Each structure stands twice: as C-alpha cells, then as structure tokens.
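Structure file protein_35.cif (mmCIF, C-alpha atoms) is printed below.
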```
data_protein
loop_
_atom_site.label_atom_id
_atom_site.label_comp_id
_atom_site.auth_asym_id
_atom_site.auth_seq_id
_atom_site.Cartn_x
_atom_site.Cartn_y
_atom_site.Cartn_z
CA MET A 1 34.00 3.21 -58.16
CA ALA A 2 32.73 6.61 -59.17
CA VAL A 3 32.38 10.12 -57.84
CA LEU A 4 28.65 10.82 -57.72
CA GLU A 5 26.97 14.16 -58.33
CA ILE A 6 26.20 16.03 -55.09
CA LEU A 7 22.76 17.61 -54.97
CA THR A 8 22.95 21.23 -53.90
CA LEU A 9 20.43 23.78 -52.71
CA PRO A 10 17.72 24.49 -53.81
CA ASP A 11 17.26 20.95 -55.15
CA GLU A 12 13.91 19.75 -53.76
CA ARG A 13 15.20 16.18 -53.47
CA LEU A 14 17.24 17.26 -50.43
CA LYS A 15 13.95 17.70 -48.53
CA GLN A 16 12.76 14.17 -49.22
CA PRO A 17 12.91 11.74 -46.24
CA ALA A 18 14.90 8.56 -46.84
CA GLU A 19 13.61 4.98 -46.56
CA PRO A 20 15.24 2.26 -44.43
CA VAL A 21 17.65 -0.11 -46.18
CA GLU A 22 16.26 -3.64 -46.37
CA ARG A 23 18.72 -5.43 -48.63
CA PHE A 24 22.34 -5.62 -47.47
CA ASP A 25 23.86 -6.86 -50.71
CA GLU A 26 26.80 -6.26 -53.04
CA GLU A 27 24.93 -3.48 -54.82
CA LEU A 28 24.58 -1.64 -51.49
CA ARG A 29 28.26 -2.04 -50.70
CA ALA A 30 29.25 -0.87 -54.19
CA PHE A 31 27.10 2.24 -53.66
CA ILE A 32 28.75 2.84 -50.28
CA ALA A 33 32.17 2.71 -51.97
CA ASP A 34 31.00 5.34 -54.47
CA LEU A 35 29.53 7.45 -51.66
CA GLU A 36 32.87 7.38 -49.82
CA GLU A 37 34.76 8.29 -52.97
CA THR A 38 32.36 11.21 -53.42
CA ARG A 39 32.96 12.36 -49.82
CA LEU A 40 36.70 12.29 -50.31
CA ALA A 41 36.53 14.14 -53.63
CA GLY A 42 34.87 17.18 -52.00
CA PRO A 43 36.22 19.88 -49.72
CA ALA A 44 37.29 18.11 -46.50
CA ALA A 45 33.90 16.64 -45.62
CA VAL A 46 33.75 14.59 -42.40
CA GLY A 47 30.52 12.95 -43.42
CA ILE A 48 28.07 12.31 -46.21
CA ALA A 49 24.56 10.90 -46.45
CA ALA A 50 22.99 8.96 -49.33
CA PRO A 51 20.26 11.54 -50.04
CA GLN A 52 23.00 14.06 -50.87
CA VAL A 53 23.66 12.05 -54.04
CA GLY A 54 19.96 11.45 -54.73
CA ARG A 55 19.62 7.97 -53.20
CA HIS A 56 16.88 8.19 -50.61
CA GLN A 57 17.97 5.41 -48.31
CA ARG A 58 19.11 5.66 -44.69
CA ILE A 59 22.86 5.38 -45.24
CA VAL A 60 25.50 7.71 -43.74
CA ILE A 61 29.27 7.80 -43.55
CA VAL A 62 31.02 9.64 -40.72
CA ASP A 63 34.78 9.96 -40.39
CA VAL A 64 36.29 12.79 -38.35
CA SER A 65 39.67 11.09 -38.01
CA SER A 66 41.32 13.62 -40.33
CA LYS A 67 40.79 16.38 -37.73
CA PRO A 68 43.62 16.77 -35.23
CA ASN A 69 42.98 16.41 -31.49
CA ILE A 70 39.38 15.26 -31.87
CA ALA A 71 38.10 12.06 -30.27
CA ASN A 72 36.87 9.69 -32.94
CA GLN A 73 36.14 6.09 -33.78
CA GLY A 74 37.50 6.15 -37.29
CA HIS A 75 35.57 5.44 -40.43
CA GLN A 76 31.92 4.60 -39.71
CA VAL A 77 29.41 3.43 -42.29
CA LEU A 78 26.03 3.39 -40.57
CA ILE A 79 22.85 2.04 -42.12
CA ASN A 80 19.40 2.80 -40.67
CA PRO A 81 20.96 4.77 -37.77
CA GLU A 82 18.80 5.74 -34.81
CA ILE A 83 19.82 7.90 -31.88
CA THR A 84 18.70 6.12 -28.71
CA HIS A 85 20.05 8.57 -26.15
CA TRP A 86 21.37 12.10 -26.18
CA GLN A 87 22.44 14.67 -23.61
CA GLY A 88 24.00 18.10 -23.35
CA TYR A 89 24.06 20.67 -26.06
CA GLU A 90 26.59 22.94 -27.68
CA ILE A 91 26.72 25.47 -30.48
CA GLY A 92 29.13 24.79 -33.33
CA ARG A 93 29.72 26.01 -36.83
CA GLU A 94 28.63 23.86 -39.75
CA GLY A 95 28.77 23.86 -43.51
CA CYS A 96 27.58 21.28 -46.01
CA LEU A 97 28.55 19.84 -49.38
CA SER A 98 24.95 20.48 -50.41
CA VAL A 99 25.03 24.14 -49.28
CA PRO A 100 28.08 25.70 -50.95
CA ASP A 101 29.58 28.96 -49.66
CA TYR A 102 27.65 29.21 -46.41
CA THR A 103 28.38 28.30 -42.80
CA GLY A 104 26.25 28.86 -39.73
CA ASN A 105 25.91 28.06 -36.04
CA VAL A 106 23.84 25.04 -35.05
CA ILE A 107 22.93 23.57 -31.65
CA ARG A 108 23.61 19.82 -31.36
CA ALA A 109 23.65 17.26 -28.57
CA THR A 110 27.15 16.73 -27.17
CA GLN A 111 26.78 13.06 -26.24
CA ILE A 112 24.75 10.50 -28.12
CA ARG A 113 24.24 6.77 -28.25
CA LEU A 114 23.02 5.18 -31.42
CA ARG A 115 21.92 1.94 -32.97
CA ALA A 116 22.52 1.08 -36.62
CA ARG A 117 23.50 -1.68 -39.03
CA ASP A 118 26.81 -2.15 -40.77
CA PRO A 119 26.99 -2.71 -44.58
CA TRP A 120 26.46 -6.45 -44.02
CA GLY A 121 23.33 -5.89 -41.91
CA ARG A 122 24.98 -6.68 -38.58
CA PRO A 123 23.76 -4.60 -35.62
CA VAL A 124 26.06 -1.83 -34.34
CA GLU A 125 25.82 0.17 -31.12
CA LEU A 126 28.01 3.20 -30.59
CA GLY A 127 28.55 6.16 -28.29
CA MET A 128 29.74 9.42 -29.79
CA ALA A 129 30.66 12.78 -28.29
CA GLY A 130 31.55 16.29 -29.37
CA PHE A 131 32.52 16.87 -32.98
CA GLU A 132 31.92 13.27 -34.01
CA ALA A 133 28.42 13.33 -32.45
CA ARG A 134 27.78 16.60 -34.28
CA ALA A 135 28.82 15.03 -37.59
CA LEU A 136 26.47 12.08 -37.07
CA GLN A 137 23.55 14.38 -36.18
CA HIS A 138 24.24 16.52 -39.27
CA GLU A 139 24.18 13.42 -41.51
CA LEU A 140 21.13 11.94 -39.79
CA ASP A 141 19.25 15.17 -40.57
CA HIS A 142 19.84 14.53 -44.28
CA LEU A 143 17.96 11.24 -43.89
CA ASP A 144 14.96 13.19 -42.60
CA GLY A 145 15.09 15.79 -45.37
CA LEU A 146 16.65 18.44 -43.15
CA LEU A 147 19.69 20.63 -43.79
CA PHE A 148 21.75 22.50 -41.20
CA ILE A 149 20.27 25.75 -42.50
CA ASP A 150 16.94 24.51 -41.10
CA ARG A 151 18.58 24.67 -37.65
CA VAL A 152 20.84 27.74 -37.80
CA VAL A 153 20.72 29.99 -34.74
CA SER A 154 21.69 33.63 -34.38
CA ARG A 155 25.32 34.48 -33.76
CA ARG A 156 24.19 36.29 -30.61
CA THR A 157 22.76 33.09 -29.18
CA ASP A 158 26.22 32.20 -27.99
CA LEU A 159 27.00 35.53 -26.37
CA PHE A 160 25.94 34.56 -22.88
CA ARG A 161 27.30 31.05 -22.96
CA ARG A 162 30.90 31.92 -22.50
CA LYS A 163 32.23 28.69 -21.04
CA ARG A 164 31.68 25.52 -22.93
CA TYR A 165 31.07 22.44 -20.86
CA LEU A 166 34.26 20.55 -20.27
CA LYS A 167 34.63 17.97 -22.95
CA SER A 168 34.60 14.39 -21.82
CA PRO A 169 35.51 11.46 -24.00
CA PRO A 170 32.74 9.30 -25.49
CA SER A 171 31.08 7.41 -22.67
CA ALA A 172 31.29 4.10 -24.47
CA GLY A 173 32.58 2.50 -27.59
CA ALA A 174 35.56 4.81 -27.90
CA GLY A 175 38.11 2.78 -29.71
CA ALA A 176 40.99 3.92 -31.92
CA MET B 1 26.44 44.96 -64.45
CA ALA B 2 25.15 47.03 -61.54
CA GLU B 3 27.61 47.87 -58.79
CA TRP B 4 27.15 47.23 -55.11
CA LYS B 5 26.43 50.02 -52.67
CA MET B 6 26.37 49.79 -48.89
CA LEU B 7 23.16 51.18 -47.45
CA THR B 8 23.26 52.08 -43.75
CA LEU B 9 20.06 53.01 -41.93
CA VAL B 10 19.81 54.06 -38.29
CA GLY B 11 16.82 55.23 -36.31
CA GLU B 12 14.47 54.59 -33.44
CA ASP B 13 13.35 50.96 -33.63
CA ARG B 14 9.77 50.21 -34.62
CA PRO B 15 8.02 47.38 -36.46
CA GLY B 16 7.98 47.44 -40.27
CA ILE B 17 11.17 49.31 -41.13
CA VAL B 18 12.84 46.45 -43.03
CA ALA B 19 9.62 45.63 -44.89
CA ARG B 20 9.08 49.21 -46.05
CA VAL B 21 12.70 49.86 -47.01
CA THR B 22 13.12 46.63 -48.96
CA ASP B 23 9.74 47.06 -50.66
CA ALA B 24 10.83 50.49 -51.95
CA LEU B 25 14.10 49.01 -53.21
CA PHE B 26 12.39 46.01 -54.80
CA ARG B 27 9.87 48.18 -56.67
CA THR B 28 12.78 50.09 -58.20
CA GLY B 29 14.50 46.95 -59.42
CA CYS B 30 17.25 46.80 -56.80
CA SER B 31 18.76 43.50 -55.68
CA LEU B 32 19.91 42.87 -52.13
CA GLY B 33 23.05 41.01 -51.14
CA GLU B 34 24.34 40.31 -47.65
CA ALA B 35 22.69 42.26 -44.84
CA SER B 36 22.98 42.58 -41.10
CA MET B 37 20.30 44.16 -38.93
CA ILE B 38 20.54 44.47 -35.21
CA ARG B 39 18.99 46.49 -32.39
CA LEU B 40 21.68 48.38 -30.51
CA GLY B 41 20.61 50.25 -27.40
CA GLY B 42 17.01 50.33 -28.64
CA ASN B 43 18.07 51.74 -32.01
CA PHE B 44 17.32 50.11 -35.31
CA THR B 45 20.50 49.59 -37.37
CA ILE B 46 20.99 47.85 -40.66
CA LEU B 47 23.81 47.44 -43.15
CA MET B 48 22.68 46.14 -46.50
CA MET B 49 24.41 45.47 -49.81
CA VAL B 50 22.26 46.95 -52.56
CA SER B 51 22.83 46.41 -56.26
CA SER B 52 21.18 48.87 -58.62
CA ASP B 53 21.58 50.54 -61.97
CA LEU B 54 20.50 53.78 -60.30
CA ASP B 55 23.14 56.26 -59.24
CA GLU B 56 23.46 57.40 -55.67
CA VAL B 57 21.24 60.48 -56.12
CA ALA B 58 18.44 58.49 -57.73
CA LEU B 59 18.65 55.78 -55.08
CA ARG B 60 18.41 58.35 -52.30
CA ARG B 61 15.30 59.75 -54.01
CA VAL B 62 13.74 56.27 -54.01
CA LEU B 63 14.44 55.84 -50.31
CA GLN B 64 13.46 59.36 -49.25
CA PRO B 65 9.72 58.73 -48.57
CA VAL B 66 10.46 55.72 -46.33
CA VAL B 67 13.38 57.41 -44.62
CA GLU B 68 11.20 60.40 -43.75
CA ALA B 69 8.15 58.37 -42.75
CA MET B 70 10.19 56.12 -40.44
CA ALA B 71 12.47 58.94 -39.16
CA LEU B 72 15.65 57.17 -40.27
CA ARG B 73 19.12 58.44 -41.00
CA CYS B 74 20.42 57.11 -44.29
CA HIS B 75 23.95 56.64 -45.55
CA LEU B 76 24.91 55.28 -48.95
CA ASP B 77 28.42 54.39 -50.11
CA PRO B 78 29.81 52.82 -53.25
CA ILE B 79 31.77 49.70 -52.25
CA GLY B 80 34.16 47.22 -53.76
CA GLY B 81 33.84 43.53 -53.14
CA GLY B 82 30.83 41.38 -53.87
CA LEU B 83 29.12 38.14 -52.98
CA HIS B 84 30.79 34.80 -52.33
CA ARG B 85 33.73 36.28 -50.45
CA HIS B 86 33.13 34.46 -47.18
CA ARG B 87 36.00 33.54 -44.92
CA VAL B 88 35.46 30.81 -42.38
CA PRO B 89 36.71 31.64 -38.86
CA ASN B 90 39.08 29.26 -37.11
CA ILE B 91 39.13 30.96 -33.69
CA GLN B 92 36.46 32.09 -31.25
CA VAL B 93 37.17 34.57 -28.48
CA ARG B 94 34.67 35.00 -25.66
CA VAL B 95 35.20 37.90 -23.30
CA TRP B 96 33.49 39.23 -20.22
CA GLY B 97 34.29 41.52 -17.37
CA ALA B 98 32.89 44.22 -15.09
CA ASP B 99 32.03 46.97 -17.54
CA ARG B 100 34.63 49.70 -17.91
CA ALA B 101 36.14 51.71 -20.74
CA GLY B 102 38.91 50.00 -22.68
CA ILE B 103 37.92 46.32 -22.74
CA VAL B 104 37.37 46.19 -26.50
CA ALA B 105 40.51 48.19 -27.24
CA GLN B 106 42.66 46.00 -24.99
CA VAL B 107 41.31 42.69 -26.27
CA THR B 108 41.31 43.57 -29.95
CA GLY B 109 44.70 45.25 -29.57
CA ALA B 110 46.21 42.06 -28.17
CA LEU B 111 44.63 40.04 -30.97
CA ALA B 112 45.69 42.48 -33.69
CA ALA B 113 49.29 42.25 -32.47
CA THR B 114 49.27 38.63 -33.66
CA GLY B 115 47.78 39.51 -37.06
CA PHE B 116 44.34 38.20 -36.03
CA ASN B 117 41.58 39.13 -38.49
CA ILE B 118 38.20 39.74 -36.85
CA LEU B 119 35.41 38.41 -39.06
CA GLU B 120 32.49 38.80 -36.66
CA LEU B 121 32.14 40.75 -33.43
CA GLU B 122 29.14 41.04 -31.16
CA SER B 123 29.11 42.78 -27.83
CA ASP B 124 26.51 43.59 -25.23
CA VAL B 125 26.15 44.95 -21.73
CA ALA B 126 24.38 42.67 -19.28
CA GLY B 127 23.96 42.72 -15.51
CA SER B 128 22.23 45.70 -13.95
CA ALA B 129 22.63 49.46 -14.32
CA GLU B 130 24.49 49.44 -10.98
CA ARG B 131 26.70 46.46 -11.82
CA PRO B 132 27.00 46.26 -15.61
CA VAL B 133 28.91 43.40 -17.20
CA TYR B 134 30.48 43.72 -20.64
CA LEU B 135 30.32 40.66 -22.88
CA MET B 136 31.90 40.22 -26.28
CA ASN B 137 32.05 37.34 -28.73
CA ILE B 138 34.56 37.47 -31.56
CA GLN B 139 35.08 35.01 -34.38
CA GLY B 140 38.03 35.44 -36.63
CA TYR B 141 40.91 34.01 -38.53
CA SER B 142 44.32 33.46 -36.99
CA GLU B 143 47.46 32.29 -38.70
CA VAL B 144 49.36 31.91 -35.43
CA THR B 145 48.89 28.91 -33.14
CA LEU B 146 46.22 28.76 -30.45
CA GLU B 147 48.98 28.81 -27.82
CA ASP B 148 50.52 31.99 -29.24
CA LEU B 149 47.10 33.63 -29.38
CA LYS B 150 46.35 32.64 -25.78
CA GLY B 151 49.78 33.96 -24.78
CA SER B 152 49.03 37.29 -26.40
CA VAL B 153 45.85 37.85 -24.36
CA ALA B 154 47.00 36.15 -21.15
CA GLY B 155 47.98 39.43 -19.49
CA LEU B 156 44.41 40.74 -19.70
CA ALA B 157 43.25 38.51 -16.81
CA ALA B 158 45.15 40.81 -14.45
CA GLU B 159 43.08 43.70 -15.84
CA GLY B 160 39.83 42.02 -14.76
CA ILE B 161 38.97 40.66 -18.18
CA ASP B 162 37.91 37.02 -18.40
CA ILE B 163 38.89 35.80 -21.84
CA ASP B 164 38.53 32.38 -23.45
CA VAL B 165 40.21 31.61 -26.77
CA SER B 166 39.15 28.40 -28.46
CA PRO B 167 39.40 26.84 -31.91
CA VAL B 168 36.40 26.85 -34.22
CA GLU B 169 36.25 23.57 -36.08
CA THR B 170 33.72 24.01 -38.86
CA LEU B 171 32.01 20.77 -39.69
CA VAL B 172 31.38 20.05 -43.36
CA GLY B 173 29.08 17.12 -44.01
#
```

Representation of the structure as structure tokens:
Amino acid sequence: MAVLEILTLPDERLKQPAEPVERFDEELRAFIADLEETRLAGPAAVGIAAPQVGRHQRIVIVDVSSKPNIANQGHQVLINPEITHWQGYEIGREGCLSVPDYTGNVIRATQIRLRARDPWGRPVELGMAGFEARALQHELDHLDGLLFIDRVVSRRTDLFRRKRYLKSPPSAGAGA
Amino acid sequence: MAEWKMLTLVGEDRPGIVARVTDALFRTGCSLGEASMIRLGGNFTILMMVSSDLDEVALRRVLQPVVEAMALRCHLDPIGGGLHRHRVPNIQVRVWGADRAGIVAQVTGALAATGFNILELESDVAGSAERPVYLMNIQGYSEVTLEDLKGSVAGLAAEGIDIDVSPVETLVG
C-alpha cells in the first residue's frame, strides 16, 4: 500500500474526463487500497476519486461515517457510478483535497439513486441523501473533469432560502 | 516584500468600475489579494487587498484619475495579515423578521455573548417599502455547542425575530 500524490489546482489533468473501468482484477483492487490510504492520509476527506491521483478511470470512494449525526452507509467503493435519479436541492459548503485553502458554497441534489459496480465487478444499487449524496456528487464530478469551484454559487444565493427542507433518511438502501 | 494595503472604494454604481480600477493597479505593478465587491442600496462598494511597493501617497496618485472619472470615494489603509488565513465556519445563522431597528445588534449581541466569531455576514431588506422584511445570513465559528448557541438566541423569538441556527458541515472530497 502507498500514499499517492494528490493532483492540485491548476494541474490540467484534473479537467480530464475519466474512462470506465473494464477489468476488475487484483491490480484494480490494489489501486483502490492505495486510493483509500491516500484519502485517509489527507485532512479529513470523506471521499476521493481516482483522477485526483492521476488515474483517469471511473473509481470513487465515499465514506462519511466519521461525521457525527449524519446518515450514512459506511465505506463505499463505487466503480463506474451513474446517478439514475435525483431530487431536491440544497446549498452546502465544500472543499477539496485538490483545491487547498479554499471552500465555497455549492448546490447539490439532496436525494439520489445510483448504479455502480463494486471492486469485483458486481452490480450495486444505492440510495443516498443529504451529506452522503453531496459527497458522491462531488466525487462523481471529478470523473467528468469538474471541480467544486466550477459550481460555486454566491454567498448571497442562500439569503432568501432560510429554512432548509426537513431532512429525511435515504429512501432506500440505508443500512448501518 | 511588498506589504498589503486595504483599498476601499464607494460610489454610485455603474458598469466598468472594477475593470478601470484594477487596470490602473495592474499597470503600476500592484498585485491583488482577496476582494469583496457588492452593491449596497444601489451603491458600488469594494474592499480589496492590494500589494505594492508604492507608498500610500504614490498609490493614491495612481488611483486618482479613475477615482475622479468614476466619482468614487477612496480609502487606503495599511493592514496586517495576509493570504491563506481562511477559517472555515462551523455554524450558520439565518435570521428574518419585520424590519425594525435593532435586529442586527440583538442577534449579534446574543451570539457574541457565547464567544461566537462572525466570519461572513450578509443582510438585505426584502418585502415592500410598506412592509419591509429584514434578512440576514451569518456564517461563523463557535466553540460552544449548537444547543448552547440556540439557547443564547432563543429569547429573540419573542422579539419578532425568526432565527435558525444550524451546523455547517464542510465537505472535503
């Protein structure tokens, strides 16, 4: 296992779209172990995507279980993820391992359903909500060459949206 | 190493102010740091960190043609601090109520009593001229618990102020 180098702005490779994974082999799983070690070595990241370490394949890790009082499904390694359904939106503050020393407000869907593969190529279907859904959307953007700074909205955008919609738990697949 | 100065410009809003001011600064070799421009009540306002080898008098001379042409008022102060000093907020406070004097003082007073540090504050008046509504959005850093913070502002509801205190969980991914 190894901690990989994180690409940071303005590295052009962060803008490069990632290709789908086709081979679910030991090499892939060894890379995923390195990617996870890299996530854990940084400043409290709840997710990481393969392009952040210069591997342009559609691989993300999401794990918001370290955050107190936030609904989550534990450690998720998702290959070739696709959002199949989304609803609601909410503004939240985001930062990024690839964008040091900057945070900004981003609008994300509050409820999503997604399809993906696990590291052995088996199909996975999940529902995510709130912070966990935000984390997945942030990581999925990396696969399309987008960073959260491509989506930042003005601080004033939130001024007239005083009440947030009442949070409901993930509609499906909410284990742990 | 050049020191930072805080440049404040205020005037009647019109297109092109930022472009002309920053062009004058750029041509003189100034660097810009963090900046915040906003229209308040139809006025143009900007606060801008400017780094320059020029002293205050020379910098004012550089700005003078633009300031006069755009009818701006200009203020320049030497400042401490620098870049990369961000603090990430952990609390958001949203406030609204029928507009009256004292809302900001009461809300921020209750927050300050807990040691709350305001990092960002935006406010606006909505509604109509006959029935104005005051809205304010604060993000800041609190070292006391959410419950203690809510307790500190709870009494304001009786004063006609609707106030929502919620955690800001910054996602890093």

Residue by residue, what does the PyMOL selection byres ((chain B and resi 58-66) around 8) grab here? Present the result as a PDB file with C-alpha atoms, in the frame of the given file.
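New file result_33.pdb:
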```pdb
ATOM      1  CA  ARG B  20       9.080  49.210 -46.050  1.00  0.00           C
ATOM      2  CA  VAL B  21      12.700  49.860 -47.010  1.00  0.00           C
ATOM      3  CA  ALA B  24      10.830  50.490 -51.950  1.00  0.00           C
ATOM      4  CA  LEU B  25      14.100  49.010 -53.210  1.00  0.00           C
ATOM      5  CA  THR B  28      12.780  50.090 -58.200  1.00  0.00           C
ATOM      6  CA  LEU B  54      20.500  53.780 -60.300  1.00  0.00           C
ATOM      7  CA  ASP B  55      23.140  56.260 -59.240  1.00  0.00           C
ATOM      8  CA  GLU B  56      23.460  57.400 -55.670  1.00  0.00           C
ATOM      9  CA  VAL B  57      21.240  60.480 -56.120  1.00  0.00           C
ATOM     10  CA  VAL B  67      13.380  57.410 -44.620  1.00  0.00           C
ATOM     11  CA  GLU B  68      11.200  60.400 -43.750  1.00  0.00           C
ATOM     12  CA  ALA B  69       8.150  58.370 -42.750  1.00  0.00           C
ATOM     13  CA  MET B  70      10.190  56.120 -40.440  1.00  0.00           C
ATOM     14  CA  LEU B  76      24.910  55.280 -48.950  1.00  0.00           C
TER      15      LEU B  76
END
```

Practice task
Please identify every residue of chain A that has at least one atom no more than 7 Å from any atom of chain B, counting all atoms listed in the file, and report them as a list in words.
Solution key: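 So the residues of chain A near chain B are Ala44, Ala45, Val46, Gly47, Ile48, Arg93, Glu94, Gly95, Cys96, Leu97, Asp101, Ala135, His138, Glu139, Arg156, Leu159 and Arg162 of chain A.
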
Practice task
For CA of Arg131 in chain B and CA of Thr157 in chain A, quote the distance in Å rounded to one decimal.
Solution key: 22.3 Å

Handout entry: Top pick for closest residue to Arg100 in chain B, considering B:Asp23, B:Asp77, B:Glu159, B:Glu12 and counting only C-alpha atoms
Key =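 The closest residue to Arg100 in chain B is B:Glu159.
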
Problem - Residues in the PyMOL selection byres ((chain A and resi 14) around 7), expressed as a list in words - result: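 Applied to this file, the PyMOL selection byres ((chain A and resi 14) around 7) returns Asp11, Glu12, Arg13, Lys15, Gln16, Pro51, Gln52 and Gly145 of chain A.
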